[in-house]
Structure formats: structure tokens, C-alpha cells
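Chemist: Below is the file target21.txt, with compact mmCIF, C-alpha atoms.
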# COMPACT_ATOMS: atom_id res chain seq x y z
CA MET A 81 -92.99 -25.82 -38.91
CA ILE A 82 -92.08 -26.83 -35.37
CA ASN A 83 -92.87 -30.27 -34.00
CA ILE A 84 -94.98 -29.32 -30.97
CA LYS A 85 -93.58 -32.33 -29.11
CA SER A 86 -90.20 -30.60 -29.07
CA LEU A 87 -91.65 -28.19 -26.47
CA THR A 88 -91.37 -29.06 -22.80
CA LYS A 89 -94.48 -29.03 -20.62
CA LYS A 90 -93.43 -25.65 -19.27
CA GLN A 91 -92.99 -24.29 -22.80
CA VAL A 92 -96.39 -25.61 -23.94
CA VAL A 93 -98.09 -23.95 -20.98
CA GLN A 94 -96.16 -20.70 -21.58
CA TYR A 95 -97.21 -20.69 -25.25
CA PHE A 96 -100.87 -20.65 -24.22
CA ILE A 97 -100.27 -17.93 -21.65
CA ASP A 98 -98.53 -15.84 -24.34
CA ILE A 99 -101.54 -16.06 -26.67
CA GLY A 100 -103.92 -15.07 -23.90
CA GLU A 101 -105.25 -18.52 -23.02
CA LYS A 102 -105.60 -20.18 -19.63
CA THR A 103 -102.80 -22.34 -18.22
CA PHE A 104 -105.00 -25.43 -18.17
CA LYS A 105 -105.27 -25.32 -21.98
CA GLY A 106 -101.55 -25.97 -22.24
CA LYS A 107 -101.85 -28.90 -19.85
CA GLN A 108 -104.73 -30.30 -21.90
CA VAL A 109 -102.63 -30.22 -25.06
CA PHE A 110 -99.65 -31.77 -23.25
CA LYS A 111 -101.91 -34.60 -22.09
CA TRP A 112 -103.21 -35.18 -25.62
CA LEU A 113 -99.63 -35.40 -26.90
CA TRP A 114 -98.04 -37.61 -24.27
CA GLN A 115 -100.85 -39.59 -22.65
CA LYS A 116 -103.28 -40.00 -25.52
CA TYR A 117 -100.58 -39.71 -28.24
CA VAL A 118 -102.78 -38.17 -30.89
CA LEU A 119 -101.69 -38.02 -34.52
CA ASP A 120 -103.58 -34.86 -35.42
CA PHE A 121 -104.66 -31.67 -33.66
CA ASP A 122 -108.28 -32.33 -34.69
CA GLU A 123 -108.30 -35.30 -32.31
CA MET A 124 -108.00 -32.86 -29.37
CA THR A 125 -111.74 -32.75 -28.85
CA ASP A 126 -111.74 -30.57 -25.71
CA ILE A 127 -109.82 -27.81 -27.53
CA SER A 128 -111.87 -25.30 -29.53
CA LYS A 129 -111.78 -25.52 -33.32
CA LYS A 130 -110.38 -21.98 -33.51
CA LEU A 131 -107.51 -22.90 -31.18
CA ARG A 132 -106.87 -26.14 -33.06
CA GLU A 133 -106.60 -24.19 -36.29
CA LYS A 134 -104.09 -21.84 -34.70
CA LEU A 135 -102.02 -24.80 -33.51
CA LYS A 136 -102.12 -26.32 -36.99
CA SER A 137 -100.86 -23.03 -38.47
CA GLU A 138 -97.78 -23.03 -36.22
CA PHE A 139 -97.00 -26.63 -35.31
CA VAL A 140 -97.00 -30.20 -36.57
CA ILE A 141 -97.21 -33.49 -34.68
CA GLU A 142 -94.47 -35.86 -35.82
CA TYR A 143 -93.51 -39.37 -34.80
CA PRO A 144 -90.58 -41.63 -35.67
CA LYS A 145 -91.14 -44.13 -38.47
CA ILE A 146 -90.84 -47.87 -37.92
CA LEU A 147 -88.31 -48.96 -40.56
CA LYS A 148 -88.09 -52.56 -39.43
CA LYS A 149 -89.61 -54.75 -36.77
CA GLN A 150 -88.35 -58.16 -35.71
CA ILE A 151 -90.38 -60.46 -33.46
CA SER A 152 -88.67 -63.22 -31.49
CA LYS A 153 -90.21 -66.53 -30.48
CA ASP A 154 -89.93 -65.40 -26.84
CA GLY A 155 -92.01 -62.28 -27.51
CA THR A 156 -89.13 -59.81 -27.64
CA ILE A 157 -89.66 -57.20 -30.37
CA LYS A 158 -86.80 -55.19 -31.85
CA TYR A 159 -87.63 -51.91 -33.60
CA LEU A 160 -85.47 -49.89 -35.94
CA LEU A 161 -86.87 -46.35 -35.89
CA GLU A 162 -86.15 -43.49 -38.26
CA LEU A 163 -86.19 -40.01 -36.73
CA ASN A 164 -87.32 -36.93 -38.61
CA ASP A 165 -83.81 -36.12 -39.85
CA GLY A 166 -83.26 -39.64 -41.19
CA VAL A 167 -81.12 -40.84 -38.27
CA THR A 168 -81.95 -44.38 -37.12
CA ILE A 169 -82.06 -45.79 -33.59
CA GLU A 170 -83.09 -49.02 -31.92
CA THR A 171 -85.74 -49.72 -29.31
CA VAL A 172 -86.76 -53.07 -27.80
CA TRP A 173 -89.95 -54.41 -26.20
CA ILE A 174 -89.07 -57.13 -23.65
CA PRO A 175 -91.93 -59.12 -22.09
CA SER A 176 -91.23 -61.18 -18.96
CA GLY A 177 -94.19 -62.55 -17.05
CA ARG A 178 -96.20 -59.63 -15.67
CA ARG A 179 -93.42 -57.20 -16.53
CA ASN A 180 -93.15 -55.49 -19.91
CA THR A 181 -89.96 -53.47 -20.33
CA ILE A 182 -89.08 -51.02 -23.08
CA CYS A 183 -85.36 -50.58 -23.63
CA ILE A 184 -84.77 -47.12 -25.09
CA SER A 185 -81.82 -45.38 -26.74
CA THR A 186 -80.47 -42.00 -25.64
CA GLN A 187 -77.99 -41.41 -28.46
CA ALA A 188 -77.72 -42.37 -32.12
CA GLY A 189 -74.57 -44.45 -32.14
CA CYS A 190 -72.08 -44.41 -29.29
CA ALA A 191 -68.58 -43.13 -28.57
CA MET A 192 -67.76 -45.37 -25.59
CA GLY A 193 -66.06 -48.10 -27.61
CA CYS A 194 -66.93 -51.15 -25.48
CA LYS A 195 -65.45 -54.12 -27.35
CA PHE A 196 -68.39 -56.48 -26.79
CA CYS A 197 -71.10 -54.05 -27.96
CA TYR A 198 -72.47 -53.79 -31.49
CA THR A 199 -73.33 -50.12 -31.06
CA ALA A 200 -69.64 -49.44 -30.41
CA LYS A 201 -69.00 -50.38 -34.04
CA GLN A 202 -71.04 -47.35 -35.07
CA GLU A 203 -69.80 -43.82 -34.56
CA LEU A 204 -71.70 -41.39 -32.40
CA ILE A 205 -73.98 -39.36 -34.66
CA ARG A 206 -75.73 -37.18 -32.10
CA ASN A 207 -77.60 -36.99 -28.82
CA LEU A 208 -81.31 -37.59 -28.93
CA ALA A 209 -83.62 -34.74 -27.96
CA PHE A 210 -85.85 -35.37 -24.94
CA PHE A 211 -88.95 -35.90 -27.08
CA GLU A 212 -87.10 -38.40 -29.30
CA ILE A 213 -86.28 -40.42 -26.18
CA VAL A 214 -89.90 -40.46 -25.04
CA ASP A 215 -91.26 -41.05 -28.55
CA GLN A 216 -89.66 -44.48 -28.57
CA ILE A 217 -92.04 -45.49 -25.80
CA VAL A 218 -95.01 -43.84 -27.47
CA ILE A 219 -94.46 -45.42 -30.90
CA ILE A 220 -94.33 -48.89 -29.33
CA MET A 221 -97.50 -48.26 -27.32
CA ILE A 222 -99.23 -47.13 -30.51
CA ASP A 223 -97.96 -50.18 -32.41
CA LEU A 224 -98.67 -52.82 -29.76
CA LYS A 225 -101.59 -51.17 -27.99
CA LYS A 226 -99.90 -52.12 -24.71
CA ARG A 227 -98.26 -50.17 -21.90
CA PRO A 228 -94.85 -50.95 -20.46
CA THR A 229 -94.39 -51.50 -16.75
CA ASN A 230 -90.69 -50.61 -16.78
CA ILE A 231 -88.28 -48.43 -18.75
CA VAL A 232 -84.53 -49.01 -19.07
CA THR A 233 -82.02 -46.82 -20.90
CA MET A 234 -79.93 -49.74 -22.09
CA GLY A 235 -80.28 -49.14 -25.81
CA MET A 236 -77.88 -47.22 -28.01
CA GLY A 237 -75.56 -44.64 -26.43
CA GLU A 238 -74.31 -43.60 -23.00
CA PRO A 239 -77.30 -42.06 -21.16
CA LEU A 240 -75.20 -39.95 -18.77
CA LYS A 241 -73.54 -38.25 -21.74
CA ASN A 242 -76.97 -36.88 -22.62
CA LEU A 243 -78.22 -36.27 -19.11
CA LYS A 244 -80.08 -32.98 -19.62
CA ASN A 245 -82.28 -34.45 -22.35
CA LEU A 246 -82.65 -37.70 -20.42
CA GLU A 247 -83.89 -35.92 -17.30
CA GLU A 248 -86.38 -33.91 -19.35
CA ALA A 249 -87.56 -37.17 -20.93
CA ILE A 250 -87.96 -38.77 -17.49
CA GLU A 251 -90.13 -35.83 -16.45
CA ILE A 252 -92.56 -36.70 -19.27
CA ILE A 253 -92.33 -40.45 -18.68
CA ASN A 254 -93.10 -39.94 -14.99
CA ASP A 255 -95.70 -37.14 -15.33
CA GLU A 256 -99.25 -38.11 -14.37
CA ILE A 257 -100.49 -36.33 -17.52
CA GLY A 258 -97.61 -37.76 -19.53
CA ILE A 259 -96.75 -41.45 -19.88
CA GLY A 260 -97.39 -41.94 -16.16
CA ILE A 261 -94.73 -44.49 -15.19
CA ALA A 262 -93.43 -44.38 -11.61
CA ALA A 263 -89.83 -43.19 -11.17
CA ARG A 264 -88.91 -46.40 -9.34
CA LYS A 265 -89.76 -48.29 -12.55
CA ILE A 266 -87.22 -46.30 -14.57
CA THR A 267 -83.60 -47.49 -14.69
CA VAL A 268 -80.75 -45.33 -15.96
CA SER A 269 -77.70 -47.28 -17.10
CA THR A 270 -74.09 -46.22 -17.56
CA VAL A 271 -70.81 -47.75 -18.69
CA GLY A 272 -69.16 -45.83 -15.85
CA PHE A 273 -69.21 -42.14 -16.75
CA VAL A 274 -68.32 -40.97 -13.25
CA PRO A 275 -69.19 -37.23 -13.56
CA GLY A 276 -72.64 -38.24 -14.80
CA ILE A 277 -73.22 -40.48 -11.78
CA TYR A 278 -72.54 -37.55 -9.45
CA GLU A 279 -74.91 -35.36 -11.48
CA LEU A 280 -77.62 -38.03 -11.51
CA ALA A 281 -77.38 -38.26 -7.73
CA LYS A 282 -78.61 -34.64 -7.62
CA TYR A 283 -81.70 -35.46 -9.68
CA PRO A 284 -84.65 -35.54 -7.25
CA LYS A 285 -86.67 -38.40 -8.70
CA GLN A 286 -86.07 -41.86 -7.25
CA ILE A 287 -84.94 -43.56 -10.44
CA LYS A 288 -82.70 -46.63 -10.35
CA LEU A 289 -79.06 -46.83 -11.43
CA SER A 290 -77.46 -49.71 -13.32
CA VAL A 291 -73.69 -49.78 -13.83
CA SER A 292 -71.91 -51.93 -16.42
CA LEU A 293 -68.91 -53.18 -14.44
CA ASN A 294 -67.94 -56.24 -16.50
CA ALA A 295 -64.44 -56.67 -15.05
CA THR A 296 -62.77 -56.97 -11.66
CA ASN A 297 -59.43 -55.30 -12.35
CA ASP A 298 -58.34 -52.29 -14.37
CA LYS A 299 -56.27 -54.28 -16.85
CA ILE A 300 -59.24 -56.28 -18.10
CA ARG A 301 -61.66 -53.37 -17.89
CA ASP A 302 -59.24 -51.10 -19.79
CA TYR A 303 -59.26 -53.68 -22.58
CA ILE A 304 -63.01 -54.26 -22.89
CA MET A 305 -64.23 -50.80 -21.78
CA PRO A 306 -61.92 -47.91 -22.76
CA ILE A 307 -63.71 -45.47 -20.43
CA ASN A 308 -61.96 -47.27 -17.57
CA LYS A 309 -58.67 -45.63 -18.62
CA ILE A 310 -60.24 -42.29 -17.60
CA TYR A 311 -62.46 -43.48 -14.75
CA PRO A 312 -60.90 -46.66 -13.28
CA ILE A 313 -62.74 -49.08 -11.04
CA GLU A 314 -61.80 -47.36 -7.77
CA LYS A 315 -63.19 -43.99 -8.90
CA LEU A 316 -66.26 -45.65 -10.38
CA LEU A 317 -67.12 -47.51 -7.19
CA TYR A 318 -66.58 -44.38 -5.11
CA SER A 319 -69.13 -42.51 -7.25
CA VAL A 320 -71.57 -45.42 -6.91
CA LYS A 321 -71.25 -45.35 -3.13
CA HIS A 322 -71.98 -41.62 -3.25
CA PHE A 323 -75.11 -42.26 -5.33
CA ILE A 324 -76.34 -44.86 -2.85
CA LYS A 325 -75.69 -42.55 0.10
CA VAL A 326 -77.63 -39.69 -1.50
CA LYS A 327 -80.52 -41.67 -3.02
CA ARG A 328 -80.71 -44.42 -0.38
CA LYS A 329 -81.29 -46.98 -3.11
CA ARG A 330 -79.28 -50.00 -4.00
CA VAL A 331 -77.74 -50.15 -7.46
CA THR A 332 -77.38 -52.94 -9.99
CA PHE A 333 -74.03 -53.99 -11.39
CA GLU A 334 -74.25 -55.52 -14.84
CA TYR A 335 -71.55 -58.12 -15.46
CA VAL A 336 -71.32 -59.34 -19.04
CA LEU A 337 -69.71 -62.74 -18.78
CA ILE A 338 -67.13 -63.20 -21.56
CA LYS A 339 -65.52 -66.55 -22.24
CA GLY A 340 -61.88 -66.63 -21.17
CA VAL A 341 -61.86 -62.92 -20.24
CA ASN A 342 -63.72 -62.40 -16.97
CA ASP A 343 -65.24 -65.79 -16.10
CA SER A 344 -62.69 -67.35 -13.73
CA LYS A 345 -62.94 -68.22 -10.04
CA ASP A 346 -60.50 -65.36 -9.34
CA ASP A 347 -62.84 -62.97 -11.18
CA ALA A 348 -65.76 -64.14 -9.05
CA ASP A 349 -63.75 -63.74 -5.84
CA ARG A 350 -62.63 -60.24 -6.82
CA LEU A 351 -66.19 -59.26 -7.77
CA ILE A 352 -67.40 -60.34 -4.34
CA GLU A 353 -64.60 -58.39 -2.67
CA LEU A 354 -65.17 -55.23 -4.75
CA THR A 355 -68.88 -55.11 -3.93
CA LYS A 356 -68.92 -56.47 -0.38
CA ASP A 357 -69.65 -53.08 1.23
CA ILE A 358 -71.94 -51.80 -1.52
CA GLU A 359 -75.71 -52.20 -1.35
CA CYS A 360 -76.27 -53.80 -4.73
CA LYS A 361 -77.43 -56.70 -6.79
CA ILE A 362 -75.40 -58.24 -9.60
CA ASN A 363 -76.81 -59.22 -12.98
CA ILE A 364 -74.79 -61.90 -14.76
CA ILE A 365 -75.29 -61.47 -18.51
CA PRO A 366 -73.95 -64.19 -20.83
CA LEU A 367 -72.39 -62.42 -23.81
CA ASN A 368 -74.75 -62.38 -26.78
CA ILE A 369 -72.65 -62.98 -29.90
CA SER A 370 -74.32 -62.99 -33.29
CA ILE A 371 -73.53 -65.98 -35.47
CA ASN A 372 -72.90 -63.45 -38.23
CA ASP A 373 -70.24 -61.56 -36.26
CA ILE A 374 -67.06 -63.11 -37.59
CA ASP A 375 -65.03 -60.07 -36.52
CA SER A 376 -65.77 -60.39 -32.81
CA PRO A 377 -62.68 -61.06 -30.64
CA PHE A 378 -64.92 -63.02 -28.28
CA LYS A 379 -66.70 -66.36 -28.40
CA PRO A 380 -70.11 -67.33 -27.00
CA ILE A 381 -69.95 -68.54 -23.42
CA ASP A 382 -71.41 -71.92 -22.53
CA SER A 383 -74.25 -72.32 -20.04
CA LYS A 384 -72.18 -74.54 -17.75
CA THR A 385 -69.58 -71.81 -17.20
CA VAL A 386 -72.34 -69.31 -16.51
CA GLU A 387 -73.88 -71.67 -13.95
CA ILE A 388 -70.55 -72.30 -12.20
CA PHE A 389 -69.63 -68.61 -12.08
CA THR A 390 -73.04 -67.77 -10.62
CA LYS A 391 -72.67 -70.44 -7.93
CA TRP A 392 -69.30 -68.97 -6.98
CA MET A 393 -70.93 -65.56 -6.65
CA MET A 394 -73.81 -66.88 -4.57
CA LYS A 395 -71.34 -68.35 -2.08
CA GLY A 396 -70.29 -64.76 -1.46
CA HIS A 397 -73.86 -64.08 -0.21
CA LYS A 398 -74.57 -61.56 -2.97
CA ALA A 399 -77.93 -60.90 -4.60
CA VAL A 400 -77.08 -62.47 -7.94
CA THR A 401 -79.29 -63.12 -10.95
CA ILE A 402 -78.67 -64.45 -14.43
CA ARG A 403 -80.32 -62.33 -17.07
CA LYS A 404 -81.81 -64.75 -19.53
CA SER A 405 -80.87 -63.82 -23.07
CA LYS A 406 -83.85 -62.56 -25.02
CA GLY A 407 -84.38 -62.43 -28.75
CA ARG A 408 -81.57 -64.83 -29.70
CA ASP A 409 -83.40 -65.67 -32.95
CA ILE A 410 -83.46 -62.01 -34.06
CA ASP A 411 -80.91 -59.17 -34.25
CA ALA A 412 -81.43 -58.41 -30.56
CA ALA A 413 -77.93 -57.40 -29.48
CA CYS A 414 -77.75 -53.63 -29.07
CA GLY A 415 -76.89 -52.01 -32.41
CA GLU A 416 -77.10 -55.25 -34.37
CA LEU A 417 -80.29 -54.52 -36.31
CA ARG A 418 -79.07 -51.04 -37.26
CA ILE A 419 -75.80 -52.48 -38.60
CA GLU A 420 -77.67 -55.16 -40.52
CA VAL A 421 -80.14 -52.75 -42.16
CA GLU A 422 -77.76 -49.89 -42.88
CA GLY A 423 -75.16 -52.31 -44.19
CA LYS A 424 -77.67 -53.54 -46.75
CA ASN A 425 -78.50 -49.95 -47.64
CA GLY A 426 -74.89 -49.07 -48.17
CA LYS A 427 -74.64 -46.81 -45.10
CA GLY A 428 -72.40 -48.98 -43.00
Kindly return the structure encoded in the file as C-alpha cells.
Modeler:
Amino acid sequence: MINIKSLTKKQVVQYFIDIGEKTFKGKQVFKWLWQKYVLDFDEMTDISKKLREKLKSEFVIEYPKILKKQISKDGTIKYLLELNDGVTIETVWIPSGRRNTICISTQAGCAMGCKFCYTAKQELIRNLAFFEIVDQIVIIMIDLKKRPTNIVTMGMGEPLKNLKNLEEAIEIINDEIGIGIAARKITVSTVGFVPGIYELAKYPKQIKLSVSLNATNDKIRDYIMPINKIYPIEKLLYSVKHFIKVKRKRVTFEYVLIKGVNDSKDDADRLIELTKDIECKINIIPLNISINDIDSPFKPIDSKTVEIFTKWMMKGHKAVTIRKSKGRDIDAACGELRIEVEGKNGKG
């Protein structure tokens, strides 16, 4: 049978119209699914028993399974979820003061090949359907009995390579009878897929954009982020400026600081120059290297270098922050838990 959550809001409403029911019945069911996240049709107490029986004869309600859950000392929780076809993905709960962020995946695996990313070591299996994207939020809310304040698409995959499903997911996340999170609290990230940035600029909701820049010249970026060979820095920044012009929102540049690769004074100066006429903030992210990753071409960066680089950036009068590394005592780097579990199971 069909997982009823695989229907969009419009499709749910249309189903009820087609069987001779009122439109509001479809909206009631949608609310039960995405705001009250019921496990069974019999929990839909404002739907008649006859109608519930009809739904049970045609649909099922399915959720991902939690295969593994790791809890860090800092409160970060890493989930490995199994989807209905056996594919696994990662999702992370990140608490920070009054803010609780859920980092969701948009693809199983990734094809972007960024050298510093654990997910890049895993081939792209498939795009996630819109309901599989939203279900990551729901399963954590069920498990923790808490609501997130913010959503970021910084898990597995390149979100703009799955934009249609992502936008449909955002509709549910933002819907007042869905998850109910404001668009301004939703951040879409990209490694620099330029056509996707232009498409996202057309999307009417006022979501935020985060761009993984990570280098200040094409030679370095070509090496650590192969997508740069197709969409070099100049084209990427032009698309970002277009996004800002259309959406009238500043963007965030993520800059993963890698020891001996992009951490020099010249790198800082070039980063200031590249972004001087762009309304943005810059997140400095010290590279998170697992102690078990003996194959990594990179080494962990020391806190002193991070501090010095950040001071250089601040002299350029940029809005600069250091993203504190979370979950260092668990497999918190993107893709790391999936590699660890599937390796043990003989899948990787």
C-alpha cells in the first residue's frame, strides 16, 4: 500500500474531494500527519471511523527507523536513520543555548566529491523524496519530545541537486498545519551548484542561503571541491549576488579552515577582497577530522591558527564567526556514522 505521507498537501486534499468528502477533511488529515505526527489512522479522532477504515484500506503511515543514536557530552545527537527501502541517512540534533537546530539530509550519499567531507567517500545512492526530508525532523521530535527552532540542510548530499523535493519539503516544514517553522529559520546550503542558486532565487519563501566557499582561488578550490572546475569562484559569486539582489537577504559563506591549505594571511586577505561588496557573514569552521580517519589528506587545525585567521578576517570589517565544533566525542562529521555502521555490516 501507499505511504500516505508520500502525498503532498494538495494531493491529500484532492483525494478527499475525489471520494466526495469536504476539502477540510483533507486538511485535517494533513495536520494529523505533519503537526501531530500520528502513528496510526485510529489516532485521528476528529475523522469518522468509516473514513478511517477507508484510509486504512488504501494507505499506511510509515516512518524511518532509528538504527543508531549517538549522544555527545555537549548535547549534540547524531541519528542514523533507515528509510523504508533500506537506504540509510544521517540527521543531527544540535542544541545551542535557546536555539535547537536539526541538520537534515537531502540525498543518500553525495556525488560532489569534496575532499574534506566523509559523505564524499560514499557514492550517491538517490535523492530523498520530500516526505523523507521532512520525516527526519518528525522522527527526532517524536524521539526527543522537543521542537527545533531552526532547520539547516547541511547533512548528506547537495540540496540544490534535489531542489524540487526540497522545496516541497520546505512547504510542509513552513506550513502552519505542518511543522510550522518560519521560513527565515530554514537555511539551504550548497557547495556551489550555480544553476540551483538561480533556481532557488525564484522560490518565493524567504529562506536563507549558505554557500560552502572554503577557498579563495580556483586552484585550491578545484583541489578540495571538484565542482569548482565547472562553476569557478567568479561564476559562483555572481550567482550569489543575484540571489541577494532578488531575495534582499544576506548570505552566509562557510569557510572550512584546513591546515596548510587555506589558512594563510594571503587566504584571509583574498577572502576579504572576494566578499567586500557582498552582503554576507562568514562562518569559520575548523576542519573536523576523525581520529580514525587515517586516509585523510588533511590534518586537524590547531585553535591558535583558527584564532589568528579569524582576527585577520575581523580586521577586514567582516561579520565573522567561528562555528564551535559540536559532537567531537561522537561520529559527528557528516557521513561518518554511516561509514562506521555500514563498514561493520559489510556494506562499505
Chemist: Ranking A:Leu317, A:Gln91, A:Thr401, A:Ile266 by minimum distance to Thr233 in chain A and counting only C-alpha atoms, which one comes first?
Modeler: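 Ranking A:Leu317, A:Gln91, A:Thr401, A:Ile266 by distance to Thr233 in chain A, first place goes to A:Ile266.
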Chemist: List as a PyMOL selection string the protein and nucleic acid residues near Lys398 in chain A, meaning an atom at most 9 Å away when all atoms listed in the file are counted, but skip any in the same chain fewer than 6 places from it.
Modeler: chain A and resi 352+355-356+360-362
Chemist: Counting all atoms listed in the file, figure out which residue out of A:Phe211, A:Tyr311, A:Phe121, A:Trp114 gets nearest to Ile261 in chain A.
Modeler: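 Checking each candidate against Ile261 in chain A, we get A:Trp114 as the closest.
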Chemist: Please, what is the axis-aligned box for every listed atom of range 186-201 of chain A with 5 Å on each side, as centre and edge lengths in Å to one decimal, as JSON?
Modeler:
{"center_x": -73.0, "center_y": -48.9, "center_z": -29.8, "size_x": 25.0, "size_y": 25.1, "size_z": 18.6}
Chemist: Given the choices A:Asp215, A:Asp120, A:Asp126, A:Asp223, which gets closest to Val140 in chain A if the distance is worked out from all atoms listed in the file?
Modeler: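 Closest to Val140 in chain A of all the choices is A:Asp120.
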Chemist: Would you kindly return, as a VMD selection string, each protein, DNA or RNA residue with an atom no farther than 8 Å from any atom of range 269-285 of chain A, considering only C-alpha atoms and excluding same-chain residues fewer than 3 positions away?
Modeler: chain A and resid 192 232 to 234 238 to 241 243 247 263 289 to 293 305 307 to 308 311 315 to 316 319 to 320 322 to 323 326 to 327
Chemist: Compare A:Ser176, A:Val341, A:Phe139, A:Thr267 by their minimum atom-to-atom distance to Lys299 in chain A, counting only C-alpha atoms, and give me the closest one.
Modeler: A:Val341
Chemist: With only C-alpha atoms as the basis for distance, which of A:Ile358, A:Ala209, A:Leu147, A:Ile259 is at the shortest distance from Pro228 in chain A?
Modeler: A:Ile259
Chemist: Would you please work out which residue, of A:Ile287, A:Ile231, A:Ile127, A:Ile222, is nearest to Ile324 in chain A when using all atoms listed in the file?
Modeler: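 Closest to Ile324 in chain A of all the choices is A:Ile287.
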Chemist: Would you pick out the contacts of Thr171 in chain A at 7 Å or less, using only C-alpha atoms, so that residues sharing its chain but fewer than 2 positions from it are not included, and give the list as a ChimeraX atom specification?
Modeler: /A:158-160,169,183-185,216,235
Chemist: Residues proximal to (-87.8, -35.9, -29.3) were defined as those with any atom within 12 Å of that point in the file's coordinates, counting only C-alpha atoms. Which are they, as a PyMOL selection string?
Modeler: chain A and resi 82-88+114+141-144+162-165+185-187+207-219+245-246+248-249+252
